[in-house]
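Enquirer: Handing you this structure, nothing more for now.
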Amino acid sequence: MTYYCDSHEYVRVEGEFGYIGITDYAQKALGNIVYVDLPDVDDEITAGEDFGAVESVKAASDLMSPVSGTVVEVNEALEDEPELINKDANANWIIKVKLSDASELDDLMSEEEYLASVK
């Protein structure tokens, strides 16, 4: 299941893990992404706090975490090809985290709610 936050990040939950990225809406608004600032594996992230940034030809934007947890993997392909996010924002997640509090998902939006919020 995928959940969304109003800062335009998503978390796709698979078991005890979440894949966090930016939404298709966000990548279109940013334009051509030229850099992704990734956290380190084993970093602790907190829901509602930044864990990195994306830079495009238009702007730089902090990445806000929709959930709390421990970073278990970063999408290293984005270091050399940040534009992969522009090609498919849903497939090209930024970090994988082990969720520390699944109840935080209750505070996030469904896909339908998110799409309604950006219309």
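Chain labels run A, B, ... following the order of the structure tokens; each chain numbers its residues from 1, and ligands are numbered from 1 in the order shown.
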Near A:Glu14, within 8 Å and counting only C-alpha atoms, which residues show up once chain neighbours fewer than 3 positions away are dropped, as a short mmCIF file (atom, residue, chain, number, x, y, z; two decimals) with all heavy atoms, in the first residue's frame?

Expert:
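selection-v1.cif, written as the output of this step:
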```
data_model
loop_
_atom_site.label_atom_id
_atom_site.label_comp_id
_atom_site.auth_asym_id
_atom_site.auth_seq_id
_atom_site.Cartn_x
_atom_site.Cartn_y
_atom_site.Cartn_z
N MET A 1 0.85 -1.18 0.00
CA MET A 1 0.00 0.00 0.00
C MET A 1 0.90 1.24 0.00
O MET A 1 1.94 1.25 0.63
CB MET A 1 -0.88 -0.03 1.25
CG MET A 1 -1.72 1.17 1.47
SD MET A 1 -3.41 0.79 1.05
CE MET A 1 -4.16 2.35 1.30
N PHE A 17 8.93 -2.64 5.96
CA PHE A 17 9.76 -1.67 5.26
C PHE A 17 8.93 -0.68 4.46
O PHE A 17 7.83 -0.99 4.01
CB PHE A 17 10.74 -2.39 4.31
CG PHE A 17 11.70 -3.27 5.03
CD1 PHE A 17 11.48 -4.64 5.09
CD2 PHE A 17 12.81 -2.75 5.68
CE1 PHE A 17 12.36 -5.47 5.78
CE2 PHE A 17 13.69 -3.57 6.38
CZ PHE A 17 13.46 -4.93 6.43
N GLY A 18 9.48 0.51 4.27
CA GLY A 18 8.84 1.53 3.46
C GLY A 18 9.83 2.09 2.46
O GLY A 18 11.00 2.32 2.79
#
```

Enquirer: Can you pull out every residue within 9 Å of A:Asp6, counting only C-alpha atoms, but drop anything in the same chain fewer than 4 positions away, and send it as a PyMOL selection string?

Expert: chain A and resi 108-109+114+117-118

Enquirer: Save out the residues we just selected, N, CA and C atoms, as an mmCIF file, in the first residue's frame.

Expert:
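For reference, part.cif as written:
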```cif
data_model
loop_
_atom_site.group_PDB
_atom_site.id
_atom_site.type_symbol
_atom_site.label_atom_id
_atom_site.label_comp_id
_atom_site.auth_asym_id
_atom_site.auth_seq_id
_atom_site.Cartn_x
_atom_site.Cartn_y
_atom_site.Cartn_z
ATOM 1 N N LEU A 108 -1.316 9.698 7.246
ATOM 2 C CA LEU A 108 -1.013 9.993 5.849
ATOM 3 C C LEU A 108 -2.261 9.832 4.977
ATOM 4 N N MET A 109 -2.164 10.310 3.740
ATOM 5 C CA MET A 109 -3.290 10.268 2.803
ATOM 6 C C MET A 109 -3.226 9.029 1.910
ATOM 7 N N TYR A 114 -4.699 12.149 -1.831
ATOM 8 C CA TYR A 114 -3.579 12.964 -2.302
ATOM 9 C C TYR A 114 -3.897 13.588 -3.660
ATOM 10 N N SER A 117 -6.090 16.437 -3.393
ATOM 11 C CA SER A 117 -5.461 17.607 -2.762
ATOM 12 C C SER A 117 -4.598 18.431 -3.731
ATOM 13 N N VAL A 118 -4.150 17.815 -4.817
ATOM 14 C CA VAL A 118 -3.276 18.526 -5.760
ATOM 15 C C VAL A 118 -4.011 18.987 -7.017
#
```

Enquirer: Would you kindly return, as a CSV table (one decimal) with C-alpha atoms, in the first residue's frame, each protein, DNA or RNA residue with an atom no farther than 7 Å from any atom of A:Lys98, considering only C-alpha atoms and excluding same-chain residues fewer than 2 positions away?

Expert:
```
chain,number,residue,atom,x,y,z
A,16,GLU,CA,8.0,-3.8,7.9
A,17,PHE,CA,9.8,-1.7,5.3
A,18,GLY,CA,8.8,1.5,3.5
A,69,GLY,CA,12.5,4.6,10.9
A,70,THR,CA,16.1,3.5,10.1
A,71,VAL,CA,17.5,3.8,6.6
A,72,VAL,CA,18.4,0.3,5.4
A,100,SER,CA,9.7,2.2,13.7
```

Enquirer: With distances taken over only C-alpha atoms, which of A:Asp37, A:Glu73, A:Asp43, A:Asp62 is nearest to A:His8?

Expert: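 Once distances to A:His8 are computed over only C-alpha atoms, the minimum belongs to A:Asp62.
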
Enquirer: Excluding A:Ile45 and its own-chain neighbours fewer than 4 positions away, which residues fall within 9 Å of it when counting only C-alpha atoms? Please give them as a count of residues only.

Expert: 10

Enquirer: Tell me which protein, DNA and RNA residues are within 12 Å of A:Glu81, counting only C-alpha atoms, leaving out same-chain ones fewer than 5 positions away, and put them as a ChimeraX atom specification.

Expert: /A:32-36,75-76,86-87,92,94

Enquirer: Check the DSSP output for the backbone and give back, as a PyMOL selection string, the residues of chain A in alpha helix (DSSP H).

Expert: chain A and resi 24-30+77-80+84-87+111-117

Enquirer: Please identify the strand (DSSP E) residues within chain A (assignment by DSSP from backbone atoms) and present them as a ChimeraX atom specification.

Expert: /A:2-4,9-14,17-22,33-37,44-45,50-56,60-64,69-74,95-99

Enquirer: Report, in Å with one decimal, the straight-line distance from atom CA of A:Leu115 to atom CA of A:Ser7.

Expert: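 If I compute the distance from atom CA of A:Leu115 to atom CA of A:Ser7, I get 12.7 Å.
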